[in-house]
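S.K.: Take a look at this one; I'll ask things after.
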Amino acid sequence: MERITFVIPCRSNLPYLKQAVNSIDEYYGSSHNIVILDDASTDGTWEWVTQYSEGRDNIITYRNEGPDRVGHTVLYDVGFKLAETPIVSILHSDMVVSPNYVKNMLKHLKPMSVVSATRVEPP
(Lines give C-alpha, C1' and ligand atoms only; values in the text may rest on other atoms or scores of the structure.)
Protein backbone atom coordinates (compact mmCIF):
# COMPACT_ATOMS: atom_id res chain seq x y z
CA MET A 1 0.00 0.00 0.00
CA GLU A 2 1.30 3.43 -0.90
CA ARG A 3 2.34 5.58 2.06
CA ILE A 4 0.19 8.69 2.65
CA THR A 5 0.21 11.59 5.09
CA PHE A 6 -2.76 12.40 7.32
CA VAL A 7 -2.90 16.16 8.03
CA ILE A 8 -4.88 17.03 11.17
CA PRO A 9 -5.24 20.60 12.45
CA CYS A 10 -6.67 20.99 15.95
CA ARG A 11 -7.58 23.54 18.56
CA SER A 12 -8.52 22.69 22.15
CA ASN A 13 -10.49 19.52 21.40
CA LEU A 14 -8.11 16.96 22.84
CA PRO A 15 -10.62 14.12 23.42
CA TYR A 16 -11.61 14.12 19.73
CA LEU A 17 -8.02 14.48 18.54
CA LYS A 18 -7.05 11.42 20.56
CA GLN A 19 -9.85 9.42 18.91
CA ALA A 20 -8.76 10.56 15.45
CA VAL A 21 -5.11 9.71 15.98
CA ASN A 22 -5.92 6.45 17.75
CA SER A 23 -8.04 5.32 14.79
CA ILE A 24 -5.06 5.83 12.46
CA ASP A 25 -2.82 3.94 14.88
CA GLU A 26 -5.32 1.13 15.30
CA TYR A 27 -5.80 0.43 11.60
CA TYR A 28 -2.48 1.49 10.10
CA GLY A 29 0.17 1.58 12.84
CA SER A 30 3.15 3.56 11.60
CA SER A 31 2.69 2.67 7.93
CA HIS A 32 1.53 6.23 7.18
CA ASN A 33 2.61 9.68 8.32
CA ILE A 34 0.57 11.96 10.56
CA VAL A 35 1.01 15.73 10.67
CA ILE A 36 -0.64 17.22 13.77
CA LEU A 37 -1.03 21.01 13.70
CA ASP A 38 -2.00 22.71 16.96
CA ASP A 39 -3.68 26.11 16.68
CA ALA A 40 -2.74 27.66 20.05
CA SER A 41 -4.74 25.18 22.12
CA THR A 42 -5.27 25.90 25.78
CA ASP A 43 -6.52 22.50 26.98
CA GLY A 44 -3.29 20.49 27.09
CA THR A 45 -3.43 19.45 23.45
CA TRP A 46 0.13 20.54 22.66
CA GLU A 47 1.50 18.74 25.70
CA TRP A 48 -0.27 15.54 24.63
CA VAL A 49 0.89 15.92 21.01
CA THR A 50 4.48 16.41 22.18
CA GLN A 51 4.34 13.31 24.38
CA TYR A 52 2.50 11.21 21.77
CA SER A 53 4.95 12.05 18.98
CA GLU A 54 8.12 11.51 21.02
CA GLY A 55 10.29 8.86 19.40
CA ARG A 56 7.88 8.28 16.51
CA ASP A 57 9.38 8.85 13.06
CA ASN A 58 6.01 8.97 11.30
CA ILE A 59 4.66 11.92 13.33
CA ILE A 60 5.32 15.53 12.37
CA THR A 61 4.10 18.31 14.66
CA TYR A 62 3.62 22.04 14.35
CA ARG A 63 2.30 24.61 16.79
CA ASN A 64 0.90 28.06 16.23
CA GLU A 65 2.08 29.71 19.42
CA GLY A 66 -0.84 32.17 19.35
CA PRO A 67 -2.43 33.61 21.28
CA ASP A 68 -4.64 34.25 18.24
CA ARG A 69 -5.70 31.26 16.21
CA VAL A 70 -4.95 31.08 12.50
CA GLY A 71 -7.70 28.60 11.59
CA HIS A 72 -7.71 25.16 10.06
CA THR A 73 -7.46 26.32 6.43
CA VAL A 74 -4.13 28.05 7.13
CA LEU A 75 -2.96 24.98 9.03
CA TYR A 76 -3.92 22.72 6.11
CA ASP A 77 -1.50 24.76 3.98
CA VAL A 78 1.22 24.29 6.61
CA GLY A 79 0.43 20.57 6.74
CA PHE A 80 0.79 20.20 2.97
CA LYS A 81 4.21 21.86 3.18
CA LEU A 82 5.27 19.51 5.98
CA ALA A 83 3.93 16.36 4.30
CA GLU A 84 6.61 13.97 3.14
CA THR A 85 4.41 11.98 0.75
CA PRO A 86 2.78 12.96 -2.56
CA ILE A 87 -0.65 11.82 -1.33
CA VAL A 88 -2.27 13.68 1.57
CA SER A 89 -5.51 13.06 3.45
CA ILE A 90 -6.85 16.07 5.30
CA LEU A 91 -8.94 15.36 8.37
CA HIS A 92 -10.67 17.48 10.95
CA SER A 93 -9.53 16.56 14.43
CA ASP A 94 -12.95 15.08 15.22
CA MET A 95 -12.81 12.60 12.32
CA VAL A 96 -11.87 8.95 12.67
CA VAL A 97 -10.80 6.62 9.88
CA SER A 98 -12.05 3.14 9.12
CA PRO A 99 -9.96 0.04 8.36
CA ASN A 100 -10.55 0.48 4.60
CA TYR A 101 -10.17 4.27 4.47
CA VAL A 102 -6.78 4.37 2.75
CA LYS A 103 -7.50 1.43 0.45
CA ASN A 104 -10.74 3.02 -0.77
CA MET A 105 -9.17 6.45 -1.13
CA LEU A 106 -6.32 5.08 -3.25
CA LYS A 107 -8.73 2.98 -5.32
CA HIS A 108 -10.62 6.11 -6.41
CA LEU A 109 -7.67 8.49 -6.66
CA LYS A 110 -6.60 9.45 -10.16
CA PRO A 111 -3.81 11.88 -11.19
CA MET A 112 -4.70 15.52 -10.48
CA SER A 113 -7.91 14.57 -8.67
CA VAL A 114 -9.44 14.86 -5.23
CA VAL A 115 -11.22 12.10 -3.35
CA SER A 116 -13.65 13.15 -0.64
CA ALA A 117 -14.82 11.08 2.31
CA THR A 118 -18.05 11.59 4.22
CA ARG A 119 -18.12 12.10 7.96
CA VAL A 120 -20.80 11.83 10.58
CA GLU A 121 -20.85 14.76 12.99
CA PRO A 122 -20.33 13.83 16.63
CA PRO A 123 -23.18 14.59 19.04
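In the C-alpha coordinates, each chain is lettered A, B, ... as it comes, each chain's residues begin at 1, and ligands are numbered from 1 in order of appearance.
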Can you list, as a PDB file with N, CA, C and O atoms, in the first residue's frame, every protein, DNA or RNA residue that comes within 7 Å of Gly79 (chain A) when you count only C-alpha atoms, leaving out same-chain residues fewer than 3 positions away?
M.R.:
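Written out: result31.pdb:
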ATOM      1  N   VAL A   7      -3.120  14.811   7.516  1.00  0.00           N
ATOM      2  CA  VAL A   7      -2.903  16.159   8.032  1.00  0.00           C
ATOM      3  C   VAL A   7      -4.096  16.511   8.912  1.00  0.00           C
ATOM      4  O   VAL A   7      -5.240  16.520   8.445  1.00  0.00           O
ATOM      5  N   VAL A  35       0.596  14.369  10.348  1.00  0.00           N
ATOM      6  CA  VAL A  35       1.011  15.731  10.675  1.00  0.00           C
ATOM      7  C   VAL A  35      -0.069  16.306  11.580  1.00  0.00           C
ATOM      8  O   VAL A  35      -1.226  16.423  11.173  1.00  0.00           O
ATOM      9  N   LEU A  75      -3.731  26.127   8.557  1.00  0.00           N
ATOM     10  CA  LEU A  75      -2.964  24.977   9.027  1.00  0.00           C
ATOM     11  C   LEU A  75      -2.934  23.853   8.003  1.00  0.00           C
ATOM     12  O   LEU A  75      -1.948  23.122   7.920  1.00  0.00           O
ATOM     13  N   TYR A  76      -3.987  23.694   7.192  1.00  0.00           N
ATOM     14  CA  TYR A  76      -3.920  22.715   6.108  1.00  0.00           C
ATOM     15  C   TYR A  76      -2.775  23.064   5.160  1.00  0.00           C
ATOM     16  O   TYR A  76      -2.034  22.181   4.731  1.00  0.00           O
ATOM     17  N   LEU A  82       4.526  20.427   5.118  1.00  0.00           N
ATOM     18  CA  LEU A  82       5.274  19.509   5.977  1.00  0.00           C
ATOM     19  C   LEU A  82       5.155  18.046   5.541  1.00  0.00           C
ATOM     20  O   LEU A  82       5.965  17.219   5.953  1.00  0.00           O
ATOM     21  N   ALA A  83       4.153  17.743   4.729  1.00  0.00           N
ATOM     22  CA  ALA A  83       3.928  16.356   4.301  1.00  0.00           C
ATOM     23  C   ALA A  83       5.128  15.832   3.527  1.00  0.00           C
ATOM     24  O   ALA A  83       5.721  16.540   2.721  1.00  0.00           O
TER      25      ALA A  83
END
S.K.: Taking the DSSP assignment computed from this structure's backbone, write out as a PyMOL selection string all residues of region 2-110 of chain A that belong to strand (DSSP E or B).
M.R.: chain A and resi 5-10+33-39+59-64+88-90
S.K.: Generate the output file for the selected residues, N, CA, C and O atoms, as a PDB file, in the first residue's frame.
M.R.:
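What follows is the written file selection-v4.pdb:
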ATOM      1  N   THR A   5       0.098  10.743   3.911  1.00  0.00           N
ATOM      2  CA  THR A   5       0.207  11.588   5.092  1.00  0.00           C
ATOM      3  C   THR A   5      -1.183  12.059   5.494  1.00  0.00           C
ATOM      4  O   THR A   5      -1.924  12.600   4.664  1.00  0.00           O
ATOM      5  N   PHE A   6      -1.538  11.849   6.749  1.00  0.00           N
ATOM      6  CA  PHE A   6      -2.759  12.404   7.318  1.00  0.00           C
ATOM      7  C   PHE A   6      -2.405  13.772   7.904  1.00  0.00           C
ATOM      8  O   PHE A   6      -1.485  13.872   8.717  1.00  0.00           O
ATOM      9  N   VAL A   7      -3.120  14.811   7.516  1.00  0.00           N
ATOM     10  CA  VAL A   7      -2.903  16.159   8.032  1.00  0.00           C
ATOM     11  C   VAL A   7      -4.096  16.511   8.912  1.00  0.00           C
ATOM     12  O   VAL A   7      -5.240  16.520   8.445  1.00  0.00           O
ATOM     13  N   ILE A   8      -3.812  16.797  10.197  1.00  0.00           N
ATOM     14  CA  ILE A   8      -4.881  17.029  11.171  1.00  0.00           C
ATOM     15  C   ILE A   8      -4.629  18.315  11.950  1.00  0.00           C
ATOM     16  O   ILE A   8      -3.821  18.333  12.876  1.00  0.00           O
ATOM     17  N   PRO A   9      -5.324  19.408  11.609  1.00  0.00           N
ATOM     18  CA  PRO A   9      -5.245  20.601  12.450  1.00  0.00           C
ATOM     19  C   PRO A   9      -6.178  20.450  13.656  1.00  0.00           C
ATOM     20  O   PRO A   9      -7.183  19.739  13.591  1.00  0.00           O
ATOM     21  N   CYS A  10      -5.833  21.110  14.754  1.00  0.00           N
ATOM     22  CA  CYS A  10      -6.667  20.993  15.949  1.00  0.00           C
ATOM     23  C   CYS A  10      -6.566  22.247  16.796  1.00  0.00           C
ATOM     24  O   CYS A  10      -5.586  22.985  16.710  1.00  0.00           O
ATOM     25  N   ASN A  33       2.195   8.525   7.537  1.00  0.00           N
ATOM     26  CA  ASN A  33       2.615   9.677   8.325  1.00  0.00           C
ATOM     27  C   ASN A  33       1.400  10.426   8.865  1.00  0.00           C
ATOM     28  O   ASN A  33       0.338  10.412   8.247  1.00  0.00           O
ATOM     29  N   ILE A  34       1.596  11.101   9.981  1.00  0.00           N
ATOM     30  CA  ILE A  34       0.570  11.960  10.561  1.00  0.00           C
ATOM     31  C   ILE A  34       1.206  13.308  10.859  1.00  0.00           C
ATOM     32  O   ILE A  34       2.231  13.377  11.540  1.00  0.00           O
ATOM     33  N   VAL A  35       0.596  14.369  10.348  1.00  0.00           N
ATOM     34  CA  VAL A  35       1.011  15.731  10.675  1.00  0.00           C
ATOM     35  C   VAL A  35      -0.069  16.306  11.580  1.00  0.00           C
ATOM     36  O   VAL A  35      -1.226  16.423  11.173  1.00  0.00           O
ATOM     37  N   ILE A  36       0.299  16.639  12.809  1.00  0.00           N
ATOM     38  CA  ILE A  36      -0.640  17.223  13.765  1.00  0.00           C
ATOM     39  C   ILE A  36      -0.267  18.690  13.944  1.00  0.00           C
ATOM     40  O   ILE A  36       0.863  19.008  14.293  1.00  0.00           O
ATOM     41  N   LEU A  37      -1.248  19.559  13.695  1.00  0.00           N
ATOM     42  CA  LEU A  37      -1.027  21.005  13.704  1.00  0.00           C
ATOM     43  C   LEU A  37      -1.886  21.632  14.793  1.00  0.00           C
ATOM     44  O   LEU A  37      -3.111  21.663  14.680  1.00  0.00           O
ATOM     45  N   ASP A  38      -1.266  22.129  15.839  1.00  0.00           N
ATOM     46  CA  ASP A  38      -1.995  22.706  16.962  1.00  0.00           C
ATOM     47  C   ASP A  38      -2.146  24.211  16.773  1.00  0.00           C
ATOM     48  O   ASP A  38      -1.172  24.915  16.530  1.00  0.00           O
ATOM     49  N   ASP A  39      -3.375  24.691  16.889  1.00  0.00           N
ATOM     50  CA  ASP A  39      -3.679  26.112  16.684  1.00  0.00           C
ATOM     51  C   ASP A  39      -3.857  26.829  18.014  1.00  0.00           C
ATOM     52  O   ASP A  39      -4.952  27.246  18.376  1.00  0.00           O
ATOM     53  N   ILE A  59       5.461  10.800  12.834  1.00  0.00           N
ATOM     54  CA  ILE A  59       4.658  11.918  13.332  1.00  0.00           C
ATOM     55  C   ILE A  59       5.430  13.220  13.158  1.00  0.00           C
ATOM     56  O   ILE A  59       6.579  13.342  13.566  1.00  0.00           O
ATOM     57  N   ILE A  60       4.761  14.195  12.540  1.00  0.00           N
ATOM     58  CA  ILE A  60       5.321  15.535  12.368  1.00  0.00           C
ATOM     59  C   ILE A  60       4.392  16.485  13.106  1.00  0.00           C
ATOM     60  O   ILE A  60       3.164  16.385  12.972  1.00  0.00           O
ATOM     61  N   THR A  61       4.944  17.399  13.889  1.00  0.00           N
ATOM     62  CA  THR A  61       4.102  18.313  14.657  1.00  0.00           C
ATOM     63  C   THR A  61       4.445  19.760  14.340  1.00  0.00           C
ATOM     64  O   THR A  61       5.567  20.078  13.931  1.00  0.00           O
ATOM     65  N   TYR A  62       3.456  20.603  14.542  1.00  0.00           N
ATOM     66  CA  TYR A  62       3.617  22.044  14.347  1.00  0.00           C
ATOM     67  C   TYR A  62       2.688  22.732  15.336  1.00  0.00           C
ATOM     68  O   TYR A  62       1.567  22.264  15.573  1.00  0.00           O
ATOM     69  N   ARG A  63       3.144  23.858  15.874  1.00  0.00           N
ATOM     70  CA  ARG A  63       2.297  24.613  16.791  1.00  0.00           C
ATOM     71  C   ARG A  63       2.281  26.083  16.425  1.00  0.00           C
ATOM     72  O   ARG A  63       3.332  26.707  16.298  1.00  0.00           O
ATOM     73  N   ASN A  64       1.083  26.623  16.282  1.00  0.00           N
ATOM     74  CA  ASN A  64       0.896  28.064  16.229  1.00  0.00           C
ATOM     75  C   ASN A  64       0.913  28.521  17.685  1.00  0.00           C
ATOM     76  O   ASN A  64       0.039  28.149  18.455  1.00  0.00           O
ATOM     77  N   VAL A  88      -1.924  13.132   0.264  1.00  0.00           N
ATOM     78  CA  VAL A  88      -2.266  13.677   1.572  1.00  0.00           C
ATOM     79  C   VAL A  88      -3.761  13.507   1.818  1.00  0.00           C
ATOM     80  O   VAL A  88      -4.575  13.741   0.922  1.00  0.00           O
ATOM     81  N   SER A  89      -4.112  13.120   3.020  1.00  0.00           N
ATOM     82  CA  SER A  89      -5.507  13.056   3.446  1.00  0.00           C
ATOM     83  C   SER A  89      -5.704  14.103   4.525  1.00  0.00           C
ATOM     84  O   SER A  89      -5.036  14.054   5.566  1.00  0.00           O
ATOM     85  N   ILE A  90      -6.588  15.058   4.275  1.00  0.00           N
ATOM     86  CA  ILE A  90      -6.852  16.067   5.298  1.00  0.00           C
ATOM     87  C   ILE A  90      -8.048  15.635   6.131  1.00  0.00           C
ATOM     88  O   ILE A  90      -9.056  15.175   5.612  1.00  0.00           O
TER      89      ILE A  90
END
S.K.: Have a look at CA of Ser30 (chain A) and CA of Ile4 (chain A) and let me know their distance in Å, one decimal.
M.R.: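 If I compute the distance from CA of Ser30 (chain A) to CA of Ile4 (chain A), I get 10.7 Å.
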S.K.: Quick one: pull the distance between CA of Val96 (chain A) and CA of Tyr28 (chain A), Å, one decimal.
M.R.: 12.3 Å
S.K.: Determine which residues of chain A receive a DSSP assignment of alpha helix (DSSP H), computed from the backbone, and state them as a ChimeraX atom specification.
M.R.: /A:14-28,45-53,72-82,101-108
S.K.: Gly44 (chain A): which residues within 10 Å, counting only C-alpha atoms, same-chain residues fewer than 6 positions away excluded, as a PyMOL selection string?
M.R.: chain A and resi 12-14
S.K.: Select, from A:Thr85, A:Ser98, A:Thr45, A:Ser93, the residue with the minimum atom-to-atom distance to Ser23 (chain A), counting only C-alpha atoms.
M.R.: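 Smallest separation from Ser23 (chain A) among the options: A:Ser98.
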S.K.: Interatomic distance between CA of Val49 (chain A) and CA of Ala117 (chain A)?
M.R.: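 Rounded to one decimal, the two atoms are 24.9 Å apart.
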S.K.: Would you mind telling me which residue in A:Asn100, A:Trp48, A:Asn58, A:Val78 lies nearest to Leu17 (chain A) when using only C-alpha atoms?
M.R.: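 Closest to Leu17 (chain A) of all the choices is A:Trp48.
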S.K.: Ranking A:Met105, A:Lys110, A:Ala20, A:Ala40 by minimum distance to Leu91 (chain A) and counting only C-alpha atoms, which one comes first?
M.R.: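 Of A:Met105, A:Lys110, A:Ala20, A:Ala40, the one nearest Leu91 (chain A), counting only C-alpha atoms, is A:Ala20.
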S.K.: Considering only C-alpha atoms, return as a list in words whatever protein or nucleic-acid residues lie within 10 Å of Glu26 (chain A), sequence-local ones (same chain, fewer than 5 positions apart) excluded.
M.R.: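 Answer for this query is Val21, Val97, Ser98 and Pro99 of chain A.
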